[in-house]
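Colleague: What follows is start04.txt, made up of compact mmCIF, C-alpha atoms:
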```
# COMPACT_ATOMS: atom_id res chain seq x y z
CA MET A 1 -118.93 -15.25 68.97
CA GLU A 2 -116.98 -15.66 72.20
CA LYS A 3 -118.19 -13.68 75.19
CA VAL A 4 -115.38 -11.85 76.93
CA PHE A 5 -117.46 -10.01 79.54
CA THR A 6 -120.39 -11.68 81.30
CA ARG A 7 -122.41 -11.40 84.47
CA PRO A 8 -120.70 -13.13 87.44
CA ASN A 9 -122.35 -16.40 88.46
CA SER A 10 -122.74 -15.03 92.00
CA LEU A 11 -124.80 -12.04 90.83
CA LYS A 12 -128.45 -12.51 89.91
CA ASP A 13 -129.71 -11.40 86.50
CA MET A 14 -132.32 -8.89 87.64
CA PRO A 15 -132.88 -5.12 87.77
CA MET A 16 -131.52 -3.36 90.86
CA HIS A 17 -133.49 -0.79 92.83
CA TYR A 18 -130.68 1.76 93.04
CA CYS A 19 -130.99 5.26 91.57
CA PRO A 20 -129.47 5.96 88.12
CA GLY A 21 -125.75 6.64 88.49
CA CYS A 22 -125.50 5.07 91.95
CA THR A 23 -122.30 3.07 92.30
CA HIS A 24 -123.70 0.39 94.64
CA GLY A 25 -124.23 -1.80 91.58
CA ILE A 26 -120.55 -1.58 90.66
CA VAL A 27 -119.52 -2.75 94.13
CA HIS A 28 -122.05 -5.59 94.01
CA ARG A 29 -120.48 -6.80 90.79
CA LEU A 30 -116.95 -6.61 92.21
CA VAL A 31 -117.93 -8.65 95.26
CA ALA A 32 -119.61 -11.25 93.03
CA GLU A 33 -116.61 -11.45 90.70
CA VAL A 34 -114.26 -12.07 93.63
CA ILE A 35 -116.56 -14.76 95.07
CA ASP A 36 -116.51 -16.51 91.68
CA GLU A 37 -112.75 -16.20 91.23
CA MET A 38 -112.07 -17.55 94.72
CA ASP A 39 -114.46 -20.45 94.04
CA MET A 40 -116.50 -19.54 97.13
CA PHE A 41 -119.87 -19.66 95.35
CA ASP A 42 -121.23 -22.32 97.72
CA ARG A 43 -119.58 -20.98 100.88
CA ALA A 44 -120.32 -17.24 100.81
CA ILE A 45 -122.77 -15.71 103.28
CA ALA A 46 -123.85 -12.07 103.07
CA VAL A 47 -125.29 -9.92 105.84
CA ALA A 48 -127.29 -6.95 104.54
CA SER A 49 -127.64 -3.67 106.37
CA VAL A 50 -130.48 -1.17 106.66
CA GLY A 51 -130.16 1.69 104.18
CA CYS A 52 -129.93 1.93 100.41
CA SER A 53 -128.37 -1.54 100.35
CA VAL A 54 -131.20 -3.06 102.38
CA PHE A 55 -132.09 -5.36 99.47
CA ALA A 56 -128.50 -6.47 98.77
CA TYR A 57 -129.50 -10.02 99.69
CA GLU A 58 -131.77 -10.04 96.63
CA TYR A 59 -128.85 -9.68 94.22
CA PHE A 60 -126.30 -12.26 95.35
CA TYR A 61 -126.60 -15.98 94.65
CA CYS A 62 -125.57 -16.97 98.15
CA ASP A 63 -127.08 -17.41 101.57
CA ALA A 64 -127.87 -14.07 103.19
CA TYR A 65 -129.28 -12.54 106.33
CA GLN A 66 -131.01 -9.20 106.92
CA ALA A 67 -129.70 -7.59 110.11
CA SER A 68 -131.34 -4.90 112.18
CA HIS A 69 -130.04 -1.37 111.63
CA GLY A 70 -126.34 -1.28 112.51
CA ARG A 71 -126.23 -4.85 113.79
CA ALA A 72 -124.70 -6.59 110.77
CA PRO A 73 -121.30 -7.08 112.51
CA ALA A 74 -123.02 -8.88 115.41
CA VAL A 75 -124.89 -11.17 113.04
CA ALA A 76 -121.72 -11.80 111.01
CA THR A 77 -119.82 -12.62 114.21
CA GLY A 78 -122.33 -15.31 115.12
CA ILE A 79 -122.31 -16.82 111.63
CA LYS A 80 -118.53 -16.93 111.33
CA ARG A 81 -118.02 -18.43 114.78
CA VAL A 82 -120.49 -21.22 114.07
CA LEU A 83 -119.38 -21.73 110.44
CA PRO A 84 -115.67 -20.78 110.38
CA ASP A 85 -115.10 -22.23 106.90
CA ARG A 86 -117.59 -19.83 105.29
CA LEU A 87 -116.79 -16.54 103.57
CA VAL A 88 -118.85 -14.10 105.62
CA PHE A 89 -119.22 -10.44 104.69
CA THR A 90 -121.39 -7.54 105.73
CA TYR A 91 -122.51 -4.94 103.20
CA GLN A 92 -123.14 -1.63 104.99
CA GLY A 93 -123.49 2.05 104.22
CA ASP A 94 -122.08 4.94 106.23
CA GLY A 95 -125.44 5.67 107.89
CA ASP A 96 -125.47 2.07 109.12
CA LEU A 97 -121.85 1.27 109.96
CA ALA A 98 -120.63 4.75 110.97
CA SER A 99 -123.71 5.84 112.93
CA ILE A 100 -126.07 3.46 114.70
CA GLY A 101 -123.67 0.55 114.10
CA THR A 102 -120.46 2.20 115.27
CA GLY A 103 -120.29 0.28 118.53
CA GLU A 104 -120.91 -3.02 116.76
CA VAL A 105 -118.13 -2.65 114.20
CA VAL A 106 -115.61 -1.17 116.64
CA HIS A 107 -115.94 -4.08 119.06
CA ALA A 108 -116.02 -6.67 116.27
CA ALA A 109 -112.72 -5.24 115.06
CA ALA A 110 -111.31 -5.08 118.59
CA ARG A 111 -112.13 -8.77 119.06
CA GLY A 112 -110.53 -9.60 115.73
CA GLU A 113 -113.67 -11.26 114.39
CA LYS A 114 -112.83 -13.09 111.19
CA PHE A 115 -115.32 -11.60 108.74
CA THR A 116 -115.12 -8.80 106.18
CA ALA A 117 -117.07 -5.55 106.15
CA ILE A 118 -117.79 -3.94 102.78
CA TYR A 119 -118.40 -0.34 103.84
CA ILE A 120 -119.98 2.08 101.36
CA ASN A 121 -119.23 5.74 102.15
CA ASN A 122 -121.24 8.23 100.09
CA ALA A 123 -121.18 10.98 102.73
CA ILE A 124 -124.96 11.18 103.11
CA TYR A 125 -128.05 9.29 104.25
CA GLY A 126 -129.38 8.00 100.95
CA MET A 127 -132.49 5.89 101.55
CA THR A 128 -134.13 8.31 104.00
CA GLY A 129 -133.84 11.37 101.78
CA GLY A 130 -130.43 13.00 102.08
CA GLN A 131 -129.81 13.93 105.70
CA MET A 132 -126.32 14.66 107.03
CA ALA A 133 -124.41 11.47 107.79
CA PRO A 134 -121.46 11.03 110.17
CA THR A 135 -119.29 11.09 107.05
CA SER A 136 -120.76 14.23 105.43
CA LEU A 137 -117.99 16.70 104.66
CA MET A 138 -117.44 20.10 106.23
CA GLY A 139 -119.60 22.63 104.41
CA GLN A 140 -121.62 19.91 102.67
CA VAL A 141 -125.23 20.89 102.08
CA THR A 142 -127.83 18.27 103.02
CA ILE A 143 -131.51 18.54 103.92
CA THR A 144 -130.55 18.74 107.61
CA THR A 145 -127.59 21.09 106.99
CA PRO A 146 -129.06 23.54 104.46
CA TYR A 147 -126.24 26.01 105.12
CA GLY A 148 -123.55 23.36 105.08
CA ARG A 149 -122.04 21.21 107.83
CA ASP A 150 -120.22 23.31 110.44
CA ARG A 151 -118.05 22.30 113.35
CA GLU A 152 -119.97 24.13 116.07
CA ASN A 153 -123.31 22.47 115.39
CA ASN A 154 -122.35 19.24 113.68
CA GLY A 155 -118.76 18.40 114.58
CA PHE A 156 -116.32 16.82 112.17
CA PRO A 157 -116.77 13.94 109.69
CA VAL A 158 -115.86 10.52 111.06
CA ARG A 159 -112.97 8.66 109.44
CA MET A 160 -114.01 5.12 110.32
CA SER A 161 -111.14 3.32 108.61
CA GLU A 162 -108.50 5.34 110.45
CA MET A 163 -110.22 4.56 113.73
CA LEU A 164 -110.57 0.84 113.05
CA ALA A 165 -106.97 0.59 111.85
CA LEU A 166 -105.80 1.45 115.38
CA LEU A 167 -107.38 -1.67 116.87
CA ASP A 168 -105.18 -4.72 117.40
CA GLY A 169 -107.84 -7.09 116.07
CA SER A 170 -107.92 -5.44 112.65
CA ALA A 171 -105.84 -7.40 110.15
CA TYR A 172 -106.62 -5.48 106.97
CA VAL A 173 -108.11 -1.99 106.60
CA THR A 174 -108.20 -0.20 103.27
CA ARG A 175 -110.03 2.61 101.50
CA VAL A 176 -110.80 2.52 97.78
CA SER A 177 -113.10 4.30 95.35
CA VAL A 178 -115.16 3.52 92.26
CA HIS A 179 -115.09 6.91 90.54
CA SER A 180 -113.03 5.77 87.53
CA PRO A 181 -112.18 2.53 85.67
CA ALA A 182 -108.71 2.45 87.24
CA SER A 183 -110.13 2.91 90.73
CA VAL A 184 -112.69 0.14 90.12
CA GLY A 185 -109.86 -2.27 89.31
CA LYS A 186 -108.05 -1.36 92.53
CA ALA A 187 -111.26 -1.77 94.50
CA LYS A 188 -111.66 -5.32 93.24
CA LYS A 189 -108.11 -6.21 94.27
CA ALA A 190 -108.78 -4.80 97.75
CA ILE A 191 -111.96 -6.84 98.15
CA ARG A 192 -110.12 -10.00 97.15
CA LYS A 193 -107.30 -9.28 99.58
CA ALA A 194 -109.77 -8.68 102.40
CA PHE A 195 -111.53 -11.97 101.67
CA GLU A 196 -108.20 -13.80 101.56
CA VAL A 197 -107.22 -12.29 104.92
CA GLN A 198 -110.52 -13.52 106.34
CA MET A 199 -110.17 -17.06 105.00
CA ALA A 200 -106.61 -17.21 106.35
CA GLY A 201 -108.05 -16.53 109.81
CA LEU A 202 -105.93 -13.42 110.39
CA GLY A 203 -108.60 -11.20 111.92
CA PHE A 204 -111.08 -8.49 111.03
CA SER A 205 -110.96 -6.94 107.57
CA ILE A 206 -112.79 -3.96 106.09
CA VAL A 207 -112.89 -2.35 102.66
CA GLU A 208 -114.22 1.21 102.70
CA VAL A 209 -115.50 2.20 99.25
CA LEU A 210 -116.02 5.87 98.42
CA SER A 211 -119.23 5.95 96.41
CA SER A 212 -121.40 8.59 94.75
CA CYS A 213 -125.04 9.51 95.47
CA PRO A 214 -126.19 11.62 92.49
CA THR A 215 -129.81 11.84 93.68
CA ASN A 216 -129.16 13.22 97.15
CA TRP A 217 -126.12 15.24 96.10
CA GLY A 218 -128.31 16.90 93.46
CA LEU A 219 -125.83 16.18 90.68
CA PRO A 220 -125.93 14.24 87.40
CA PRO A 221 -123.97 10.96 87.56
CA LEU A 222 -120.76 12.13 85.84
CA LYS A 223 -120.56 15.33 87.89
CA ALA A 224 -121.19 13.27 91.03
CA LEU A 225 -118.15 11.12 90.25
CA LYS A 226 -116.10 14.29 89.74
CA TRP A 227 -117.38 15.70 93.04
CA LEU A 228 -116.30 12.51 94.79
CA GLU A 229 -112.83 12.76 93.28
CA GLU A 230 -112.36 16.44 94.09
CA ASN A 231 -114.01 16.58 97.53
CA MET A 232 -114.20 13.19 99.20
CA ILE A 233 -110.78 11.77 98.34
CA PRO A 234 -108.85 14.73 99.84
CA TYR A 235 -110.60 14.15 103.19
CA TYR A 236 -110.76 10.36 102.89
CA PRO A 237 -107.44 9.49 101.21
CA LEU A 238 -107.25 6.19 99.37
CA GLY A 239 -104.90 3.38 100.26
CA GLU A 240 -104.19 0.60 102.74
CA LEU A 241 -104.29 1.84 106.31
CA LYS A 242 -103.52 -1.42 108.12
CA ILE A 243 -101.90 -4.63 106.97
CA ALA A 244 -101.12 -7.19 109.65
CA ALA A 245 -97.62 -8.60 109.56
CA GLU A 246 -98.99 -12.03 108.61
CA VAL A 247 -100.61 -10.54 105.49
CA VAL A 248 -97.44 -9.12 103.99
```
Give the structure from the file, written as structure tokens.
Modeller:
Amino acid sequence: MEKVFTRPNSLKDMPMHYCPGCTHGIVHRLVAEVIDEMDMFDRAIAVASVGCSVFAYEYFYCDAYQASHGRAPAVATGIKRVLPDRLVFTYQGDGDLASIGTGEVVHAAARGEKFTAIYINNAIYGMTGGQMAPTSLMGQVTITTPYGRDRENNGFPVRMSEMLALLDGSAYVTRVSVHSPASVGKAKKAIRKAFEVQMAGLGFSIVEVLSSCPTNWGLPPLKALKWLEENMIPYYPLGELKIAAEVV
């Protein structure tokens, strides 16, 4: 019998530590599929963040570094400058990239560093137990906002992609989701485009992926995907926010 759907060569055959229903595993697979299809198996280098994806380096068959909290863009900058022919990507959550690592990613984008950030936005701090993140929505209940996020005490959610798209060094900025089969297909295309932009030397690229967190949202997996669709996408609209002229 012919196999028509197999594990990507760039993804290890091992159990992942993520909670049931978490969509990190989907994004891992998409990244690995694109690495395979671009024939970058021997040239990919991952930089893992601190957060739920802290063990991302365990799952990819490629060289990988573990960066300090928020510092993945700095590590990726050093790698790419020394090894410009490599496919270098960071894998970061919103608590990492949009909080402690904001300065790192903003200045990497401003400098036009030629690596790709895979940015997982699930609107909450996952690994540490469900605190409000910079991306938590208005009114969203977390363990640190038991009555919901409000503007007076907590300010507004941060739209990182919109901010990074304004910087001249950004070549490709897009926001996708993985809440449905169709959206997963679009996410894969975006990751490939971002990697192609990087390898063409056009500048900084980032793919923001709206992701679910059933455990900390207190929802079963299917209802979590529905909550993402109905609540996150209206505030974080999907689509390409920046495409450098050279990319078109």
Colleague: Under the rule that all atoms listed in the file are counted, which of A:Arg151, A:Thr128, A:His107, A:Val207 is the nearest residue to Leu167 (chain A)?
Modeller: A:His107
Colleague: Taking (-114.9, 9.7, 90.5) in the file's coordinates, which residues come within 6 Å, counting only C-alpha atoms, written as JSON, numbers by chain?
Modeller: {"A": [179, 180, 225, 226, 228, 229]}
Colleague: Give one line per residue of region 109-225 of chain A that approaches region 52-68 of chain A to at most 12 Å, naming the two atoms of the closest pair and their distance in Å to one decimal, counting all atoms listed in the file; sort by chain then ascending residue number and deliver it as CSV.
Modeller:
```
residue,atom,partner,partner_atom,distance
A:Ile118,CA,A:Ser53,CA,11.1
A:Tyr119,CA,A:Ser53,CA,10.6
A:Ile120,CA,A:Ser53,CA,9.2
A:Asn121,CA,A:Cys52,CA,11.5
A:Asn122,CA,A:Cys52,CA,10.7
A:Ile124,CA,A:Cys52,CA,10.8
A:Tyr125,CA,A:Cys52,CA,8.5
A:Gly126,CA,A:Cys52,CA,6.1
A:Met127,CA,A:Cys52,CA,4.9
A:Thr128,CA,A:Cys52,CA,8.4
A:Gly129,CA,A:Cys52,CA,10.3
A:Gly130,CA,A:Cys52,CA,11.2
A:Cys213,CA,A:Cys52,CA,10.3
A:Thr215,CA,A:Cys52,CA,12.0
A:Asn216,CA,A:Cys52,CA,11.8
```
Colleague: Considering all atoms listed in the file, can you say which of A:Val178, A:Phe156, A:Glu2, A:Arg71 comes closest to His24 (chain A)?
Modeller: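 Looking only at the distances to His24 (chain A), the closest residue turns out to be A:Val178.
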Colleague: Need the shell around region 231-238 of chain A: protein/DNA/RNA residues with any atom at most 12 Å away, counting only C-alpha atoms. Skip same-chain ones fewer than 3 positions apart. Format as a PyMOL selection string?
Modeller: chain A and resi 121-124+135-140+156-162+173-179+183+186-187+190+207-212+223-228+241
Colleague: What are the centre and the three edge lengths of an axis-aligned box that wraps all atoms of region 83-89 of chain A in the file, given that 4 Å is added to every side, written as lines of an AutoDock Vina configuration file and rounded to one decimal in Å?
Modeller:
```
center_x = -117.2
center_y = -16.3
center_z = 107.0
size_x = 12.3
size_y = 19.8
size_z = 14.9
```
Colleague: Counting only C-alpha atoms, I want the residues whose atoms come within 12 Å of (-116.3, -18.9, 96.3) in the file frame, returned as a list in words.
Modeller: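 Protein, DNA and RNA residues close to (-116.3, -18.9, 96.3): Pro8, Asn9, Ser10, Val31, Ala32, Glu33, Val34, Ile35, Asp36, Glu37, Met38, Asp39, Met40, Phe41, Asp42, Arg43, Ala44, Ile45, Tyr61, Cys62, Asp85, Arg86, Leu87, Val88, Arg192, Phe195, Glu196 and Met199 of chain A.
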